[in-house]
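my_file22.csv follows; it contains CSV, C-alpha atoms.
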chain,number,residue,atom,x,y,z
N,159,MET,CA,8.7,113.7,-70.8
N,160,GLN,CA,9.8,110.9,-73.1
N,161,THR,CA,11.3,107.8,-71.5
N,162,ALA,CA,14.7,106.5,-72.7
N,163,VAL,CA,13.0,103.5,-74.3
N,164,ALA,CA,10.5,105.7,-76.2
N,165,ARG,CA,13.3,107.9,-77.4
N,166,ALA,CA,15.4,105.0,-78.6
N,167,ALA,CA,12.3,103.5,-80.3
N,168,ASN,CA,11.8,106.8,-82.1
N,169,GLU,CA,15.4,106.9,-83.3
N,170,ASP,CA,15.1,103.4,-84.9
N,171,ARG,CA,11.7,103.9,-86.4
N,172,ASP,CA,13.1,103.8,-89.9
N,173,ILE,CA,14.7,100.4,-89.3
N,174,ALA,CA,11.5,99.1,-87.9
N,175,GLU,CA,9.7,100.4,-90.9
N,176,LEU,CA,12.1,98.7,-93.3
N,177,LEU,CA,11.6,95.4,-91.4
N,178,ARG,CA,7.8,95.8,-91.6
N,179,THR,CA,8.0,96.2,-95.4
N,180,GLY,CA,10.2,93.1,-95.7
N,181,GLU,CA,13.4,95.0,-96.6
N,182,ARG,CA,15.5,92.9,-94.3
N,183,ASP,CA,18.9,93.5,-95.9
N,184,ARG,CA,18.5,97.2,-96.0
N,185,ALA,CA,17.3,97.2,-92.4
N,186,PHE,CA,20.4,95.2,-91.3
N,187,THR,CA,22.8,97.5,-93.2
N,188,GLU,CA,21.3,100.5,-91.5
N,189,LEU,CA,21.4,98.7,-88.1
N,190,LEU,CA,25.0,97.9,-88.7
N,191,GLN,CA,25.9,101.5,-89.4
N,192,ARG,CA,24.3,102.6,-86.2
N,193,TYR,CA,25.1,99.8,-83.7
N,194,GLU,CA,28.3,98.0,-84.9
N,195,GLY,CA,30.6,100.2,-82.8
N,196,LYS,CA,28.3,100.3,-79.8
N,197,VAL,CA,28.0,96.5,-79.8
N,198,PHE,CA,31.8,96.3,-79.9
N,199,ARG,CA,32.3,98.8,-77.1
N,200,LEU,CA,29.7,97.0,-74.9
N,201,CYS,CA,31.6,93.8,-75.5
N,202,CYS,CA,34.9,95.5,-74.6
N,203,ALA,CA,33.5,96.9,-71.4
N,204,LEU,CA,32.0,93.5,-70.4
N,205,LEU,CA,34.8,91.2,-71.5
N,206,ARG,CA,37.9,93.5,-70.9
N,207,ASP,CA,39.7,91.7,-73.8
N,208,SER,CA,39.8,93.2,-77.3
N,209,ALA,CA,40.1,89.9,-79.2
N,210,GLN,CA,37.3,88.2,-77.2
N,211,ALA,CA,35.2,91.4,-77.6
N,212,GLN,CA,35.7,91.2,-81.4
N,213,ASP,CA,34.5,87.6,-81.5
N,214,ALA,CA,31.6,88.3,-79.2
N,215,ALA,CA,30.6,91.4,-81.2
N,216,GLN,CA,30.7,89.4,-84.4
N,217,GLU,CA,28.7,86.5,-83.0
N,218,SER,CA,26.1,88.9,-81.5
N,219,LEU,CA,25.7,90.7,-84.9
N,220,VAL,CA,25.3,87.4,-86.7
N,221,ARG,CA,22.6,86.3,-84.1
N,222,ILE,CA,20.9,89.7,-84.5
N,223,TRP,CA,20.9,89.2,-88.3
N,224,LYS,CA,19.4,85.7,-88.0
N,225,ALA,CA,16.8,86.8,-85.5
N,226,LEU,CA,15.9,90.0,-87.2
N,227,ASP,CA,12.6,88.5,-88.6
N,228,SER,CA,11.5,87.6,-85.1
N,229,PHE,CA,12.0,91.2,-83.8
N,230,ASP,CA,8.4,92.1,-82.8
N,231,GLY,CA,8.9,95.7,-81.8
N,232,ARG,CA,7.7,95.2,-78.2
N,233,ALA,CA,11.0,96.4,-76.9
N,234,SER,CA,13.0,99.1,-78.7
N,235,LEU,CA,15.5,97.9,-81.3
N,236,SER,CA,18.4,99.1,-79.3
N,237,THR,CA,17.2,97.4,-76.1
N,238,TRP,CA,16.8,94.1,-78.1
N,239,ILE,CA,20.3,94.5,-79.6
N,240,TYR,CA,22.0,95.2,-76.3
N,241,ALA,CA,20.2,92.3,-74.6
N,242,ILE,CA,21.4,89.8,-77.3
N,243,THR,CA,25.0,91.3,-76.9
N,244,ARG,CA,24.9,91.1,-73.1
N,245,ASN,CA,23.7,87.4,-73.3
N,246,ARG,CA,26.5,86.6,-75.7
N,247,CYS,CA,29.1,88.3,-73.4
N,248,LEU,CA,27.8,86.5,-70.3
N,249,THR,CA,28.2,83.2,-72.1
N,250,ALA,CA,31.7,84.1,-73.1
N,251,LEU,CA,32.5,85.1,-69.5
N,252,GLU,CA,31.1,81.9,-68.2
N,253,ARG,CA,33.2,79.9,-70.7
N,254,ARG,CA,36.3,81.9,-69.8
N,255,ARG,CA,35.7,81.1,-66.1
N,256,VAL,CA,35.5,77.4,-66.8
N,257,GLN,CA,38.7,77.5,-69.0
N,258,GLU,CA,40.6,79.6,-66.4
N,259,SER,CA,39.7,77.2,-63.6
N,260,LEU,CA,41.0,74.3,-65.8
N,261,SER,CA,44.4,75.7,-66.8
N,262,ASP,CA,46.7,76.9,-64.0
N,263,SER,CA,49.6,77.7,-66.4
N,264,GLU,CA,47.4,80.0,-68.5
N,265,VAL,CA,46.3,81.8,-65.3
N,266,GLU,CA,49.9,82.3,-64.3
N,267,ALA,CA,50.8,83.6,-67.8
N,268,GLU,CA,47.9,86.0,-67.7
N,269,VAL,CA,48.9,87.3,-64.2
N,270,GLU,CA,52.5,87.9,-65.4
N,271,SER,CA,51.3,89.7,-68.5
N,272,LEU,CA,48.9,91.8,-66.5
N,273,ALA,CA,51.7,92.8,-64.1
N,274,ALA,CA,53.9,93.7,-67.0
N,275,ARG,CA,51.2,95.8,-68.6
N,276,ALA,CA,50.5,97.5,-65.2
N,277,SER,CA,54.1,98.5,-64.7
N,278,GLU,CA,54.3,99.7,-68.3
N,279,ASP,CA,51.1,101.7,-67.7
N,280,SER,CA,52.3,103.1,-64.5
N,281,GLN,CA,55.0,105.1,-66.2
N,282,ASP,CA,52.6,107.9,-66.6
N,283,HIS,CA,49.7,109.0,-64.4
N,284,PHE,CA,47.1,108.2,-67.1
N,285,GLY,CA,48.3,104.6,-67.0
N,286,GLU,CA,48.0,104.7,-63.2
N,287,LEU,CA,44.4,106.1,-63.6
N,288,ARG,CA,43.6,103.3,-66.1
N,289,GLU,CA,45.0,100.7,-63.6
N,290,LEU,CA,42.8,102.2,-60.8
N,291,VAL,CA,39.8,102.0,-63.1
N,292,GLY,CA,40.6,98.3,-63.7
N,293,LEU,CA,40.6,97.7,-60.0
N,294,LEU,CA,37.1,99.1,-59.4
N,295,PRO,CA,34.3,96.6,-58.8
N,296,GLU,CA,32.9,95.3,-62.1
N,297,ARG,CA,29.6,97.1,-61.8
N,298,LEU,CA,31.3,100.5,-61.3
N,299,ARG,CA,34.0,99.9,-63.9
N,300,ARG,CA,31.5,98.9,-66.6
N,301,SER,CA,29.4,102.0,-66.0
N,302,LEU,CA,32.4,104.3,-66.0
N,303,GLN,CA,34.0,102.8,-69.1
N,304,LEU,CA,30.8,102.9,-71.1
N,305,PHE,CA,30.0,106.4,-69.9
N,306,TYR,CA,33.3,107.6,-71.5
N,307,PHE,CA,33.0,105.2,-74.5
N,308,GLU,CA,29.5,106.5,-75.4
N,309,GLU,CA,30.4,110.2,-75.1
N,310,ARG,CA,29.2,110.5,-71.6
N,311,SER,CA,25.6,109.5,-72.1
N,312,VAL,CA,24.0,108.1,-69.0
N,313,ARG,CA,20.9,107.0,-71.0
N,314,GLU,CA,23.0,105.0,-73.5
N,315,VAL,CA,25.0,103.3,-70.8
N,316,ALA,CA,21.8,102.4,-68.9
N,317,GLU,CA,20.3,100.9,-72.0
N,318,MET,CA,23.5,99.0,-72.9
N,319,LEU,CA,23.8,97.5,-69.4
N,320,GLY,CA,20.0,96.9,-69.0
N,321,VAL,CA,19.8,98.9,-65.8
N,322,PRO,CA,17.9,102.0,-64.8
N,323,GLU,CA,19.6,105.4,-65.4
N,324,GLY,CA,19.6,106.0,-61.6
N,325,SER,CA,21.8,103.0,-61.1
N,326,VAL,CA,24.3,104.2,-63.7
N,327,LYS,CA,24.4,107.7,-62.0
N,328,THR,CA,25.0,106.0,-58.6
N,329,ASN,CA,27.7,103.8,-60.1
N,330,LEU,CA,29.4,106.8,-61.7
N,331,PHE,CA,29.3,108.7,-58.5
N,332,ARG,CA,30.7,105.8,-56.5
N,333,ALA,CA,33.4,105.1,-59.1
N,334,ARG,CA,34.5,108.8,-59.1
N,335,ALA,CA,34.6,108.9,-55.3
N,336,ALA,CA,36.7,105.7,-55.2
N,337,LEU,CA,39.1,107.0,-57.8
N,338,THR,CA,39.4,110.4,-56.0
N,339,GLU,CA,40.2,108.6,-52.8
N,340,GLN,CA,42.8,106.4,-54.5
N,341,LEU,CA,44.4,109.3,-56.4
N,342,ARG,CA,44.5,111.3,-53.1
N,343,ARG,CA,46.3,108.4,-51.4
N,344,ARG,CA,48.9,108.3,-54.2
N,345,GLY,CA,49.3,112.1,-54.0
N,346,ILE,CA,48.2,112.8,-57.5
N,347,ASP,CA,45.0,114.6,-56.8
N,348,ASP,CA,46.1,118.1,-58.0
N,349,PRO,CA,43.3,119.3,-60.4
N,350,THR,CA,45.7,121.6,-62.2
N,351,TYR,CA,47.9,118.8,-63.2
N,352,TRP,CA,45.2,116.7,-64.7
N,353,LEU,CA,43.6,119.6,-66.5
N,354,GLU,CA,46.9,120.6,-68.0
N,355,GLN,CA,47.8,117.0,-69.0
N,356,SER,CA,44.4,116.5,-70.5
N,357,LEU,CA,44.6,119.4,-72.9
J,163,MET,CA,21.6,117.3,-64.7
J,164,SER,CA,23.3,115.4,-61.9
J,165,ASP,CA,26.9,115.4,-60.8
J,166,ALA,CA,27.5,112.3,-62.8
J,167,ASP,CA,26.4,114.1,-65.9
J,168,ARG,CA,28.1,117.4,-65.4
J,169,PRO,CA,31.1,117.7,-63.0
J,170,GLU,CA,30.8,120.9,-61.1
J,171,SER,CA,33.8,121.3,-58.9
J,172,GLU,CA,37.3,121.9,-60.2
J,173,TRP,CA,38.4,118.5,-59.1
J,174,ASN,CA,35.4,116.8,-60.8
J,175,ARG,CA,36.2,118.7,-64.0
J,176,ALA,CA,39.8,117.6,-63.8
J,177,LEU,CA,38.9,114.0,-63.1
J,178,ASP,CA,36.3,114.0,-65.9
J,179,ALA,CA,39.0,115.4,-68.4
J,180,ALA,CA,41.5,112.8,-67.2
J,181,LEU,CA,39.1,109.9,-67.5
J,182,LYS,CA,38.0,111.1,-70.9
J,183,ARG,CA,41.6,110.9,-72.0
J,184,ALA,CA,42.4,107.7,-70.2
J,185,LEU,CA,39.3,105.8,-71.3
J,186,ALA,CA,39.2,106.6,-75.0
J,187,PRO,CA,36.6,104.4,-76.8
J,188,PRO,CA,38.3,101.4,-78.4
J,189,ALA,CA,38.3,101.7,-82.2
J,190,LEU,CA,36.6,99.0,-84.2
J,191,PRO,CA,39.3,96.7,-85.7
J,192,SER,CA,39.9,97.4,-89.4
J,193,GLN,CA,39.1,93.8,-90.4
J,194,PHE,CA,35.9,93.6,-88.3
J,195,ARG,CA,33.4,94.4,-91.1
J,196,ALA,CA,35.1,92.0,-93.6
J,197,ARG,CA,35.1,89.2,-91.0
J,198,LEU,CA,31.5,89.9,-90.1
J,199,GLN,CA,30.5,89.9,-93.8
J,200,SER,CA,32.2,86.5,-94.2
J,201,ALA,CA,30.5,85.1,-91.2
J,202,LEU,CA,27.1,86.4,-92.5
J,203,ALA,CA,27.8,84.8,-95.9
J,204,ARG,CA,28.6,81.5,-94.2
J,205,GLU,CA,25.4,81.7,-92.2
J,206,GLY,CA,23.5,82.5,-95.4
J,207,GLU,CA,24.6,79.4,-97.1
J,208,PRO,CA,22.0,76.5,-97.1
J,209,ASN,CA,22.5,74.0,-94.3
J,210,LEU,CA,24.8,71.3,-95.8
J,211,SER,CA,23.5,68.4,-93.9
J,212,GLY,CA,19.9,69.5,-94.5
J,213,ALA,CA,20.6,69.9,-98.3
J,214,ARG,CA,22.2,66.4,-98.3
J,215,ALA,CA,19.2,64.8,-96.6
J,216,ARG,CA,16.8,66.5,-99.0
J,217,LEU,CA,18.8,65.3,-102.0
J,218,GLU,CA,19.0,61.8,-100.7
J,219,ARG,CA,15.2,61.8,-100.1
J,220,GLU,CA,14.6,63.1,-103.6
J,221,GLN,CA,16.9,60.4,-105.1
J,222,ARG,CA,15.1,57.7,-103.1
J,223,GLU,CA,11.7,59.0,-104.4
J,224,ARG,CA,13.0,59.0,-108.0
J,225,LEU,CA,14.4,55.4,-107.7
J,226,ALA,CA,11.1,54.2,-106.2
J,227,GLU,CA,9.2,55.8,-109.1
J,228,LEU,CA,11.6,54.2,-111.7
J,229,GLU,CA,11.2,50.8,-110.0
J,230,ALA,CA,7.4,51.1,-110.0
J,231,GLY,CA,7.5,52.1,-113.8
J,232,TYR,CA,9.8,49.2,-114.6
J,233,LEU,CA,7.5,46.7,-112.8
J,234,ARG,CA,4.5,48.1,-114.6
J,235,LEU,CA,6.3,47.7,-117.9
J,236,ARG,CA,7.3,44.1,-117.1
J,237,ARG,CA,3.8,43.2,-116.1
J,238,ARG,CA,2.4,44.8,-119.3
J,239,THR,CA,5.0,43.0,-121.5
J,240,LEU,CA,4.2,39.6,-119.8
J,241,GLY,CA,0.5,40.2,-120.3
J,242,ASN,CA,1.0,41.1,-123.9
J,243,LEU,CA,3.1,38.0,-124.5
J,244,VAL,CA,0.6,35.7,-122.8
J,245,GLY,CA,-2.3,37.4,-124.6
J,246,GLY,CA,-0.5,37.2,-127.9
J,247,ALA,CA,0.4,33.5,-127.5
J,248,PHE,CA,-3.2,32.7,-126.5
J,249,ALA,CA,-4.6,34.6,-129.5
J,250,ALA,CA,-2.1,32.9,-131.9
J,251,GLY,CA,-3.1,29.5,-130.5
J,252,VAL,CA,-6.8,30.3,-131.1
J,253,ALA,CA,-6.1,31.6,-134.6
J,254,VAL,CA,-4.1,28.5,-135.5
J,255,ALA,CA,-6.7,26.2,-134.1
J,256,LEU,CA,-9.4,28.0,-136.1
J,257,ALA,CA,-7.4,28.2,-139.3
J,258,MET,CA,-6.0,24.6,-139.2
J,259,PRO,CA,-9.0,22.9,-141.0
J,260,TRP,CA,-8.9,25.5,-143.8
J,261,VAL,CA,-5.0,25.1,-144.2
J,262,ARG,CA,-5.2,21.3,-144.3
J,263,GLU,CA,-8.0,21.5,-146.8
J,264,SER,CA,-6.3,24.1,-149.0
J,265,PHE,CA,-2.6,22.9,-148.9
J,266,GLY,CA,-2.7,19.3,-147.9
J,267,ASP,CA,-1.8,17.3,-144.7
J,268,ASP,CA,1.8,18.5,-144.6
J,269,ALA,CA,0.9,22.1,-144.6
J,270,PRO,CA,0.7,22.5,-140.7
J,271,LEU,CA,4.2,21.1,-140.4
J,272,ALA,CA,5.6,23.4,-143.1
J,273,LEU,CA,3.7,26.4,-141.6
J,274,SER,CA,5.1,25.8,-138.1
J,275,GLY,CA,8.6,25.3,-139.7
J,276,VAL,CA,8.3,28.7,-141.4
J,277,GLY,CA,7.0,30.2,-138.1
J,278,THR,CA,10.0,28.8,-136.2
J,279,VAL,CA,12.5,30.2,-138.7
J,280,VAL,CA,10.8,33.7,-138.7
J,281,GLY,CA,10.7,33.7,-134.9
J,282,LEU,CA,14.4,32.7,-134.6
J,283,ALA,CA,15.3,35.4,-137.2
J,284,ILE,CA,13.5,38.1,-135.2
J,285,GLY,CA,15.0,36.8,-131.9
J,286,ILE,CA,18.6,36.9,-133.3
J,287,ALA,CA,18.0,40.3,-134.8
J,288,PHE,CA,17.0,41.8,-131.4
J,289,TRP,CA,19.8,40.0,-129.6
J,290,ALA,CA,22.4,41.3,-132.2
J,291,ARG,CA,21.0,44.9,-131.9
J,292,ARG,CA,21.2,44.8,-128.1
J,293,ASN,CA,24.6,43.1,-127.6
J,294,ARG,CA,26.4,44.3,-130.8
J,295,PRO,CA,28.6,41.2,-131.2
J,296,PHE,CA,30.2,42.6,-134.3
J,297,ASP,CA,31.6,45.7,-132.5
J,298,ILE,CA,34.5,43.7,-131.1
J,299,LEU,CA,35.8,42.9,-134.5
Would you mind writing the structure in this file as structure tokens?
Amino acid sequence: MQTAVARAANEDRDIAELLRTGERDRAFTELLQRYEGKVFRLCCALLRDSAQAQDAAQESLVRIWKALDSFDGRASLSTWIYAITRNRCLTALERRRVQESLSDSEVEAEVESLAARASEDSQDHFGELRELVGLLPERLRRSLQLFYFEERSVREVAEMLGVPEGSVKTNLFRARAALTEQLRRRGIDDPTYWLEQSL
Amino acid sequence: MSDADRPESEWNRALDAALKRALAPPALPSQFRARLQSALAREGEPNLSGARARLEREQRERLAELEAGYLRLRRRTLGNLVGGAFAAGVAVALAMPWVRESFGDDAPLALSGVGTVVGLAIGIAFWARRNRPFDIL
């Protein structure tokens, strides 16, 4: 049975071949077509802020472009791309933590805006569900969000987060269990309701 | 396939459908590709400080080369002048007995007078060509 890394490497063999023959620009154009959206979604899941995610995705892709010549093919291309993106997001998160600890007024403004958004969202049950997802521990929330962003592919999520597929499955199981529990407590755990609303 | 991959119970199916709708993948902003292309173009430009340092280094090298050429020219000119003067002195010393004998005792004086006039004329002609004193008129 093929491993996830081997499968990913197979999928990107054409890009690796273009790089090997020195067609750097064509390789990057192809890479962009394939990974632009995934890089952006990974940034969204890690940073939880669309504007910051956009900046981080852009910076990650520029770094990827600059480092493309140094890609040696030891890891699969996707693993390499996601590792660069994760590192960029971790740097952004670190910077944000420092900024937040410096400015109390900004933190207060953010709390108020979050509260306003939450009350707006809570007007329908999907908003409430989104709010509950937002309250999950980071590890579970990231796995859950990426699972739905990437058309429910555990393999893709595992590669994006740089964790084993088993961990993603466990996170998804725990996230679902936590959400079920919270929805039950709020009395909105009727399957018929959700199935009808989701049509 | 595990439970995480394929919800089996009715509740899991309902939760999966609800999450699928609630957690729609964020769309890539419309200006994203344009902004990225601009950023890539900026990165592709040569490093400005590097280019400046390279140009300054090249200019210094050119100036040093010109300076060396100028010094060589001055040394060669000075050498030519000294050599020319020495050769002229030798020629005059050798020719003087024959000049005296052929043109009389005043001939050396007349000859040096003619030489001075010719030298002054050549000097003035060069000075006039370089400084163009008549252009201001």
* Any idea which chain N residues end up within 9 Å of chain J if we count only C-alpha atoms, as a VMD selection string please? -> chain N and resid 194 to 195 198 to 199 202 208 212 216 to 217 219 to 220 223 to 224 284 to 285 287 to 288 302 to 304 306 to 312 326 to 331 334 337 to 338 347 to 357
* To do: Work out how far atom CA of Val256 of chain N is from atom CA of Ser301 of chain N, in Å to one decimal.
  =>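 Those two atoms sit 25.4 Å apart.
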* To do: Write out as a list of chain:residue names the residues lying within 10 Å of Leu251 of chain N, counting all atoms listed in the file and excluding same-chain residues fewer than 6 positions away.
  =>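 Skipping anything fewer than 6 positions along the chain leaves N:Leu204, N:Leu205, N:Gln210, N:Asn245, N:Gln257.
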Since we have the selection now, will you write its residues out, keeping C-alpha atoms, as an mmCIF file, keeping the file's coordinate frame?
data_model
loop_
_atom_site.group_PDB
_atom_site.id
_atom_site.type_symbol
_atom_site.label_atom_id
_atom_site.label_comp_id
_atom_site.auth_asym_id
_atom_site.auth_seq_id
_atom_site.Cartn_x
_atom_site.Cartn_y
_atom_site.Cartn_z
ATOM 1 C CA LEU N 204 32.000 93.500 -70.400
ATOM 2 C CA LEU N 205 34.800 91.200 -71.500
ATOM 3 C CA GLN N 210 37.300 88.200 -77.200
ATOM 4 C CA ASN N 245 23.700 87.400 -73.300
ATOM 5 C CA GLN N 257 38.700 77.500 -69.000
#
* **Point-to-point distance in Å for atom CA of His283 of chain N and atom CA of Arg299 of chain N** =>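 So the two atoms, atom CA of Arg299 of chain N and atom CA of His283 of chain N, lie 18.2 Å apart.
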* To do: Would you mind telling me which residue in N:Leu189, N:Ala241, N:Ala214, N:Cys201 lies nearest to Leu226 of chain N when using only C-alpha atoms?
  => N:Leu189
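Atom CA of Arg221 of chain N is found 20.7 Å from atom CA of Asp207 of chain N.
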* Residue neighbourhood Glu188 of chain N, 10 Å, all atoms listed in the file, exclusion window fewer than 5 positions, as a PyMOL selection string -> chain N and resi 170+172-173+176+182-183+193-194
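Using all atoms listed in the file, the shortest contact distance between Ala250 of chain J and any of J:Phe296, J:Glu218, J:Gly277, J:Gly285 is found at J:Gly277.
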